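Participant: As input, take coords-v5.cif (mmCIF, N, CA, C and O atoms):
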data_query
#
loop_
_atom_site.label_atom_id
_atom_site.label_comp_id
_atom_site.auth_asym_id
_atom_site.auth_seq_id
_atom_site.Cartn_x
_atom_site.Cartn_y
_atom_site.Cartn_z
N MET A 1 12.96 20.95 9.45
CA MET A 1 13.79 20.36 8.44
C MET A 1 12.91 19.79 7.34
O MET A 1 11.88 19.18 7.62
N ARG A 2 13.32 19.99 6.12
CA ARG A 2 12.57 19.47 4.97
C ARG A 2 13.29 18.25 4.43
O ARG A 2 14.51 18.20 4.40
N THR A 3 12.53 17.26 3.99
CA THR A 3 13.09 16.02 3.47
C THR A 3 12.67 15.84 2.02
O THR A 3 11.49 15.98 1.70
N PHE A 4 13.64 15.53 1.18
CA PHE A 4 13.37 15.33 -0.24
C PHE A 4 13.80 13.93 -0.66
O PHE A 4 14.84 13.43 -0.21
N VAL A 5 13.00 13.31 -1.51
CA VAL A 5 13.35 12.01 -2.10
C VAL A 5 13.16 12.17 -3.60
O VAL A 5 12.07 12.49 -4.06
N ALA A 6 14.23 11.95 -4.33
CA ALA A 6 14.19 12.05 -5.80
C ALA A 6 13.60 13.37 -6.26
O ALA A 6 12.80 13.42 -7.20
N GLY A 7 13.95 14.45 -5.58
CA GLY A 7 13.50 15.77 -5.98
C GLY A 7 12.11 16.15 -5.52
O GLY A 7 11.64 17.25 -5.82
N GLN A 8 11.43 15.26 -4.79
CA GLN A 8 10.09 15.58 -4.28
C GLN A 8 10.14 15.70 -2.77
O GLN A 8 10.77 14.88 -2.09
N GLU A 9 9.45 16.71 -2.24
CA GLU A 9 9.43 16.90 -0.80
C GLU A 9 8.46 15.91 -0.16
O GLU A 9 7.32 15.77 -0.60
N ALA A 10 8.93 15.24 0.86
CA ALA A 10 8.10 14.30 1.61
C ALA A 10 7.53 15.01 2.83
O ALA A 10 8.27 15.60 3.61
N HIS A 11 6.22 14.97 2.97
CA HIS A 11 5.54 15.60 4.11
C HIS A 11 5.15 14.51 5.09
O HIS A 11 4.04 13.97 5.04
N GLY A 12 6.07 14.12 5.94
CA GLY A 12 5.79 13.11 6.95
C GLY A 12 6.43 11.77 6.63
O GLY A 12 6.89 11.52 5.52
N ASP A 13 6.46 10.92 7.65
CA ASP A 13 7.11 9.61 7.54
C ASP A 13 6.45 8.73 6.49
O ASP A 13 7.12 8.03 5.74
N PHE A 14 5.13 8.75 6.47
CA PHE A 14 4.39 7.89 5.55
C PHE A 14 4.72 8.24 4.11
O PHE A 14 5.02 7.38 3.30
N GLU A 15 4.69 9.51 3.78
CA GLU A 15 4.99 9.96 2.42
C GLU A 15 6.46 9.71 2.08
O GLU A 15 6.79 9.35 0.95
N PHE A 16 7.36 9.86 3.07
CA PHE A 16 8.77 9.57 2.83
C PHE A 16 8.95 8.11 2.42
O PHE A 16 9.65 7.81 1.44
N ALA A 17 8.32 7.20 3.14
CA ALA A 17 8.44 5.77 2.82
C ALA A 17 7.88 5.48 1.43
O ALA A 17 8.46 4.72 0.66
N GLU A 18 6.74 6.10 1.11
CA GLU A 18 6.13 5.90 -0.21
C GLU A 18 7.06 6.36 -1.33
O GLU A 18 7.25 5.66 -2.32
N LEU A 19 7.65 7.53 -1.16
CA LEU A 19 8.55 8.07 -2.18
C LEU A 19 9.85 7.26 -2.24
O LEU A 19 10.35 6.96 -3.33
N ALA A 20 10.39 6.90 -1.09
CA ALA A 20 11.66 6.18 -1.07
C ALA A 20 11.54 4.78 -1.64
O ALA A 20 12.43 4.31 -2.36
N LEU A 21 10.45 4.10 -1.32
CA LEU A 21 10.28 2.72 -1.77
C LEU A 21 9.62 2.62 -3.14
O LEU A 21 9.70 1.57 -3.79
N GLY A 22 8.96 3.68 -3.57
CA GLY A 22 8.28 3.63 -4.86
C GLY A 22 7.03 2.77 -4.83
O GLY A 22 6.61 2.23 -5.85
N ILE A 23 6.45 2.61 -3.66
CA ILE A 23 5.27 1.77 -3.49
C ILE A 23 4.06 2.66 -3.17
O ILE A 23 4.10 3.43 -2.22
N ASP A 24 3.01 2.53 -3.95
CA ASP A 24 1.77 3.24 -3.68
C ASP A 24 1.01 2.45 -2.61
O ASP A 24 0.41 1.42 -2.89
N VAL A 25 1.08 2.92 -1.40
CA VAL A 25 0.51 2.19 -0.26
C VAL A 25 -0.98 1.93 -0.46
O VAL A 25 -1.45 0.81 -0.20
N ASP A 26 -1.72 2.91 -0.92
CA ASP A 26 -3.17 2.72 -1.10
C ASP A 26 -3.49 1.64 -2.13
O ASP A 26 -4.52 0.99 -2.04
N LEU A 27 -2.61 1.43 -3.10
CA LEU A 27 -2.83 0.39 -4.10
C LEU A 27 -2.86 -0.99 -3.44
O LEU A 27 -3.70 -1.82 -3.74
N PHE A 28 -1.97 -1.23 -2.51
CA PHE A 28 -1.86 -2.54 -1.88
C PHE A 28 -2.70 -2.66 -0.61
O PHE A 28 -3.30 -3.69 -0.34
N ARG A 29 -2.74 -1.61 0.19
CA ARG A 29 -3.50 -1.63 1.44
C ARG A 29 -4.97 -1.35 1.19
O ARG A 29 -5.83 -1.84 1.89
N GLY A 30 -5.25 -0.54 0.20
CA GLY A 30 -6.60 -0.08 -0.04
C GLY A 30 -6.81 1.25 0.65
O GLY A 30 -6.13 1.56 1.62
N PRO A 31 -7.75 2.03 0.15
CA PRO A 31 -8.01 3.33 0.78
C PRO A 31 -8.67 3.15 2.13
O PRO A 31 -9.32 2.14 2.39
N LEU A 32 -8.50 4.12 2.99
CA LEU A 32 -9.14 4.05 4.30
C LEU A 32 -10.62 4.40 4.20
O LEU A 32 -11.38 4.09 5.10
N GLU A 33 -11.02 5.06 3.12
CA GLU A 33 -12.43 5.33 2.88
C GLU A 33 -13.04 4.12 2.19
O GLU A 33 -12.32 3.25 1.72
N SER A 34 -14.34 4.10 2.09
CA SER A 34 -14.99 2.97 1.42
C SER A 34 -14.75 3.03 -0.08
O SER A 34 -14.49 4.08 -0.65
N GLU A 35 -14.80 1.87 -0.70
CA GLU A 35 -14.69 1.77 -2.15
C GLU A 35 -15.73 0.77 -2.62
O GLU A 35 -16.13 -0.13 -1.87
N THR A 36 -16.18 0.94 -3.85
CA THR A 36 -17.18 0.02 -4.39
C THR A 36 -16.51 -1.32 -4.68
O THR A 36 -15.28 -1.43 -4.74
N ASP A 37 -17.34 -2.34 -4.90
CA ASP A 37 -16.80 -3.66 -5.23
C ASP A 37 -15.99 -3.60 -6.53
O ASP A 37 -14.95 -4.24 -6.64
N GLY A 38 -16.48 -2.82 -7.50
CA GLY A 38 -15.77 -2.68 -8.77
C GLY A 38 -14.43 -1.98 -8.60
O GLY A 38 -13.43 -2.39 -9.21
N GLU A 39 -14.40 -0.93 -7.79
CA GLU A 39 -13.15 -0.22 -7.53
C GLU A 39 -12.16 -1.14 -6.82
O GLU A 39 -10.97 -1.16 -7.15
N ARG A 40 -12.67 -1.88 -5.84
CA ARG A 40 -11.80 -2.80 -5.10
C ARG A 40 -11.23 -3.86 -6.04
O ARG A 40 -10.04 -4.17 -5.99
N ALA A 41 -12.07 -4.44 -6.89
CA ALA A 41 -11.60 -5.48 -7.82
C ALA A 41 -10.54 -4.93 -8.76
O ALA A 41 -9.51 -5.59 -9.00
N ALA A 42 -10.75 -3.73 -9.29
CA ALA A 42 -9.77 -3.13 -10.20
C ALA A 42 -8.46 -2.83 -9.47
O ALA A 42 -7.37 -3.11 -10.00
N ARG A 43 -8.55 -2.31 -8.26
CA ARG A 43 -7.35 -2.01 -7.47
C ARG A 43 -6.59 -3.30 -7.16
O ARG A 43 -5.36 -3.37 -7.30
N GLU A 44 -7.30 -4.34 -6.75
CA GLU A 44 -6.64 -5.60 -6.40
C GLU A 44 -6.01 -6.25 -7.63
O GLU A 44 -4.93 -6.84 -7.53
N ASP A 45 -6.66 -6.14 -8.79
CA ASP A 45 -6.06 -6.67 -10.03
C ASP A 45 -4.76 -5.95 -10.35
O ASP A 45 -3.75 -6.57 -10.70
N ALA A 46 -4.78 -4.62 -10.25
CA ALA A 46 -3.58 -3.84 -10.52
C ALA A 46 -2.48 -4.17 -9.52
O ALA A 46 -1.31 -4.33 -9.89
N ALA A 47 -2.85 -4.31 -8.25
CA ALA A 47 -1.87 -4.64 -7.21
C ALA A 47 -1.25 -6.01 -7.48
O ALA A 47 -0.03 -6.18 -7.32
N ARG A 48 -2.06 -6.98 -7.89
CA ARG A 48 -1.53 -8.31 -8.22
C ARG A 48 -0.54 -8.23 -9.37
O ARG A 48 0.52 -8.89 -9.34
N ASP A 49 -0.84 -7.43 -10.39
CA ASP A 49 0.06 -7.28 -11.54
C ASP A 49 1.38 -6.65 -11.12
O ASP A 49 2.46 -7.11 -11.51
N VAL A 50 1.31 -5.59 -10.31
CA VAL A 50 2.52 -4.91 -9.85
C VAL A 50 3.34 -5.86 -8.98
O VAL A 50 4.57 -5.96 -9.12
N LEU A 51 2.67 -6.58 -8.08
CA LEU A 51 3.38 -7.51 -7.21
C LEU A 51 4.05 -8.63 -8.02
O LEU A 51 5.19 -9.01 -7.74
N ALA A 52 3.37 -9.13 -9.03
CA ALA A 52 3.96 -10.15 -9.90
C ALA A 52 5.20 -9.61 -10.61
O ALA A 52 6.22 -10.32 -10.72
N ASP A 53 5.13 -8.36 -11.08
CA ASP A 53 6.29 -7.74 -11.73
C ASP A 53 7.45 -7.60 -10.76
O ASP A 53 8.61 -7.87 -11.10
N LEU A 54 7.17 -7.16 -9.53
CA LEU A 54 8.21 -7.00 -8.52
C LEU A 54 8.87 -8.34 -8.20
O LEU A 54 10.10 -8.44 -8.08
N ARG A 55 8.05 -9.38 -8.09
CA ARG A 55 8.61 -10.71 -7.80
C ARG A 55 9.46 -11.21 -8.95
O ARG A 55 10.52 -11.82 -8.73
N ALA A 56 9.03 -10.96 -10.18
CA ALA A 56 9.82 -11.37 -11.35
C ALA A 56 11.15 -10.64 -11.39
O ALA A 56 12.20 -11.24 -11.67
N GLU A 57 11.13 -9.35 -11.09
CA GLU A 57 12.36 -8.57 -11.05
C GLU A 57 13.29 -9.08 -9.94
O GLU A 57 14.51 -9.15 -10.12
N ALA A 58 12.69 -9.45 -8.81
CA ALA A 58 13.48 -9.98 -7.70
C ALA A 58 14.14 -11.30 -8.09
O ALA A 58 15.33 -11.52 -7.80
N GLU A 59 13.40 -12.16 -8.75
CA GLU A 59 13.95 -13.45 -9.18
C GLU A 59 15.06 -13.27 -10.22
O GLU A 59 15.96 -14.10 -10.32
N ALA A 60 15.00 -12.15 -10.94
CA ALA A 60 16.03 -11.86 -11.94
C ALA A 60 17.25 -11.20 -11.31
O ALA A 60 18.21 -10.85 -12.00
N GLY A 61 17.23 -11.02 -9.97
CA GLY A 61 18.39 -10.49 -9.28
C GLY A 61 18.28 -9.09 -8.72
O GLY A 61 19.24 -8.59 -8.15
N ASP A 62 17.14 -8.45 -8.85
CA ASP A 62 16.96 -7.09 -8.32
C ASP A 62 16.56 -7.17 -6.85
O ASP A 62 15.41 -7.43 -6.51
N GLU A 63 17.53 -6.95 -5.97
CA GLU A 63 17.29 -7.07 -4.53
C GLU A 63 16.28 -6.03 -4.03
O GLU A 63 15.44 -6.33 -3.17
N VAL A 64 16.34 -4.82 -4.56
CA VAL A 64 15.41 -3.76 -4.14
C VAL A 64 13.98 -4.16 -4.49
O VAL A 64 13.07 -4.00 -3.68
N ALA A 65 13.78 -4.71 -5.67
CA ALA A 65 12.45 -5.17 -6.06
C ALA A 65 11.97 -6.27 -5.12
O ALA A 65 10.78 -6.35 -4.80
N GLY A 66 12.88 -7.11 -4.66
CA GLY A 66 12.52 -8.16 -3.72
C GLY A 66 12.01 -7.60 -2.41
O GLY A 66 11.00 -8.06 -1.87
N TRP A 67 12.70 -6.60 -1.89
CA TRP A 67 12.25 -5.96 -0.65
C TRP A 67 10.94 -5.22 -0.87
O TRP A 67 10.05 -5.24 0.00
N ASP A 68 10.81 -4.56 -2.01
CA ASP A 68 9.56 -3.87 -2.33
C ASP A 68 8.40 -4.87 -2.42
O ASP A 68 7.29 -4.58 -1.95
N ALA A 69 8.65 -6.04 -2.99
CA ALA A 69 7.61 -7.07 -3.09
C ALA A 69 7.19 -7.54 -1.71
O ALA A 69 5.99 -7.72 -1.44
N LEU A 70 8.15 -7.72 -0.81
CA LEU A 70 7.81 -8.13 0.56
C LEU A 70 6.97 -7.08 1.26
O LEU A 70 5.98 -7.39 1.95
N TYR A 71 7.34 -5.81 1.09
CA TYR A 71 6.60 -4.71 1.72
C TYR A 71 5.19 -4.62 1.14
O TYR A 71 4.20 -4.53 1.88
N ALA A 72 5.08 -4.67 -0.18
CA ALA A 72 3.77 -4.58 -0.83
C ALA A 72 2.88 -5.75 -0.42
O ALA A 72 1.70 -5.57 -0.13
N ASP A 73 3.46 -6.94 -0.36
CA ASP A 73 2.69 -8.11 0.04
C ASP A 73 2.20 -7.97 1.48
O ASP A 73 1.06 -8.30 1.80
N ALA A 74 3.04 -7.46 2.36
CA ALA A 74 2.64 -7.24 3.75
C ALA A 74 1.50 -6.21 3.84
O ALA A 74 0.59 -6.36 4.65
N LEU A 75 1.55 -5.19 2.99
CA LEU A 75 0.48 -4.19 2.99
C LEU A 75 -0.88 -4.79 2.65
O LEU A 75 -1.90 -4.35 3.16
N THR A 76 -0.88 -5.81 1.79
CA THR A 76 -2.16 -6.41 1.40
C THR A 76 -2.85 -7.07 2.58
O THR A 76 -4.06 -7.23 2.58
N ARG A 77 -2.09 -7.44 3.60
CA ARG A 77 -2.67 -8.09 4.78
C ARG A 77 -3.13 -7.10 5.84
O ARG A 77 -3.68 -7.50 6.85
N THR A 78 -2.88 -5.81 5.63
CA THR A 78 -3.30 -4.82 6.62
C THR A 78 -4.74 -4.36 6.41
O THR A 78 -5.33 -3.77 7.28
N VAL A 79 -5.32 -4.67 5.27
CA VAL A 79 -6.65 -4.17 4.93
C VAL A 79 -7.73 -4.61 5.91
O VAL A 79 -8.47 -3.78 6.41
N PRO A 80 -7.85 -5.90 6.23
CA PRO A 80 -8.94 -6.29 7.12
C PRO A 80 -8.89 -5.59 8.47
O PRO A 80 -9.91 -5.16 9.00
N PHE A 81 -7.71 -5.43 9.05
CA PHE A 81 -7.59 -4.78 10.34
C PHE A 81 -8.03 -3.32 10.25
O PHE A 81 -8.79 -2.84 11.08
N LEU A 82 -7.57 -2.61 9.23
CA LEU A 82 -7.92 -1.20 9.10
C LEU A 82 -9.42 -1.02 8.87
O LEU A 82 -10.04 -0.14 9.45
N ARG A 83 -10.00 -1.85 8.04
CA ARG A 83 -11.44 -1.74 7.80
C ARG A 83 -12.22 -2.09 9.05
O ARG A 83 -13.22 -1.44 9.37
N ALA A 84 -11.80 -3.11 9.77
CA ALA A 84 -12.49 -3.49 11.00
C ALA A 84 -12.42 -2.36 12.02
O ALA A 84 -13.42 -2.05 12.68
N ALA A 85 -11.26 -1.73 12.13
CA ALA A 85 -11.12 -0.63 13.08
C ALA A 85 -12.00 0.54 12.67
O ALA A 85 -12.66 1.16 13.50
N ARG A 86 -12.03 0.86 11.38
CA ARG A 86 -12.86 1.96 10.90
C ARG A 86 -14.33 1.67 11.14
O ARG A 86 -15.08 2.51 11.61
N ASP A 87 -14.75 0.44 10.82
CA ASP A 87 -16.15 0.07 11.01
C ASP A 87 -16.53 0.10 12.48
O ASP A 87 -17.63 0.50 12.84
N HIS A 88 -15.61 -0.32 13.32
CA HIS A 88 -15.89 -0.31 14.77
C HIS A 88 -16.07 1.12 15.27
O HIS A 88 -16.98 1.41 16.03
N ARG A 89 -15.18 2.02 14.82
CA ARG A 89 -15.29 3.43 15.22
C ARG A 89 -16.57 4.05 14.71
O ARG A 89 -17.18 4.89 15.35
N ALA A 90 -17.01 3.63 13.52
CA ALA A 90 -18.23 4.18 12.93
C ALA A 90 -19.47 3.59 13.60
O ALA A 90 -20.58 4.07 13.36
N GLY A 91 -19.28 2.54 14.39
CA GLY A 91 -20.41 1.96 15.10
C GLY A 91 -21.22 0.99 14.28
O GLY A 91 -22.32 0.61 14.66
N THR A 92 -20.68 0.53 13.14
CA THR A 92 -21.45 -0.39 12.32
C THR A 92 -21.34 -1.81 12.82
O THR A 92 -22.20 -2.64 12.53
N GLY A 93 -20.21 -2.11 13.51
CA GLY A 93 -20.02 -3.45 14.03
C GLY A 93 -19.70 -4.46 12.97
O GLY A 93 -19.62 -5.65 13.24
N GLU A 94 -19.51 -4.02 11.72
CA GLU A 94 -19.19 -4.95 10.64
C GLU A 94 -17.73 -5.34 10.71
O GLU A 94 -16.87 -4.56 11.07
N ALA A 95 -17.48 -6.58 10.38
CA ALA A 95 -16.09 -7.04 10.27
C ALA A 95 -15.68 -7.00 8.81
O ALA A 95 -16.53 -6.98 7.93
N ALA A 96 -14.39 -7.01 8.59
CA ALA A 96 -13.89 -6.96 7.20
C ALA A 96 -14.17 -8.25 6.48
O ALA A 96 -14.34 -9.28 7.00
#
Let me see whether you can do it: turn the structure in this file into structure tokens.

Facilitator:
Amino acid sequence: MRTFVAGQEAHGDFEFAELALGIDVDLFRGPLESETDGERAAREDAARDVLADLRAEAEAGDEVAGWDALYADALTRTVPFLRAARDHRAGTGEAA
């Protein structure tokens, strides 16, 4: 079975959620690969701006934006765990 959201085919649950919610998961969670300090700072700045916009829209009465803000905010807290797990698998022993 093929699944489409807004005319785009979703390949898997993760992509379906991204398309349905309109949230770029990597923007808030961060990429699973390494990124430079500059890349991380730019991504986090953009994520803060988007999250601020979502919160403002939610305060203005947009319930969907409110749920999107909650989801995006929760994604920002997943980064340390994912990086720690990746570093552990790579054998570096570094914590996030």

Participant: Between CA of Asp73 (chain A) and atom C of Arg55 (chain A), what distance in Å does the model show, to one decimal?

Facilitator: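 Atom-to-atom, CA of Asp73 (chain A) and atom C of Arg55 (chain A) are spaced 11.7 Å apart.
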
Participant: Just the number, please: distance in Å from CA of Val50 (chain A) to CA of Val64 (chain A), one decimal.

Facilitator: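 One can read the CA of Val50 (chain A) to CA of Val64 (chain A) distance as 14.1 Å.
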
Participant: Mind checking which residues fall within 12 Å of region 24-26 of chain A, counting only C-alpha atoms, ignoring those fewer than 4 positions away in the same chain, and posting them as a PyMOL selection string?

Facilitator: chain A and resi 14-20+30-33+35+40+43-44+46-47+50-51+68-69+71-79+82

Participant: Rounded to one decimal, what separation in Å do you get between atom C of Glu9 (chain A) and atom C of Glu39 (chain A)?

Facilitator: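 Taking atom C of Glu9 (chain A) and atom C of Glu39 (chain A), their separation equals 27.6 Å.
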
Participant: Is it possible to get the axis-aligned box enclosing region 29-46 of chain A (all listed atoms, 8 Å extra per side) as lines of an AutoDock Vina configuration file, with centre and edge lengths in Å rounded to one decimal?

Facilitator:
center_x = -9.3
center_y = -0.8
center_z = -2.8
size_x = 32.0
size_y = 28.2
size_z = 31.8

Participant: Give the answer as one residue: which of A:Gly7, A:Leu70, A:Asp45, A:Asp13 has the shortest atom-to-atom distance to Leu27 (chain A), using only C-alpha atoms?

Facilitator: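 Checking each of A:Gly7, A:Leu70, A:Asp45, A:Asp13 against Leu27 (chain A), counting only C-alpha atoms, the winner is A:Asp45.
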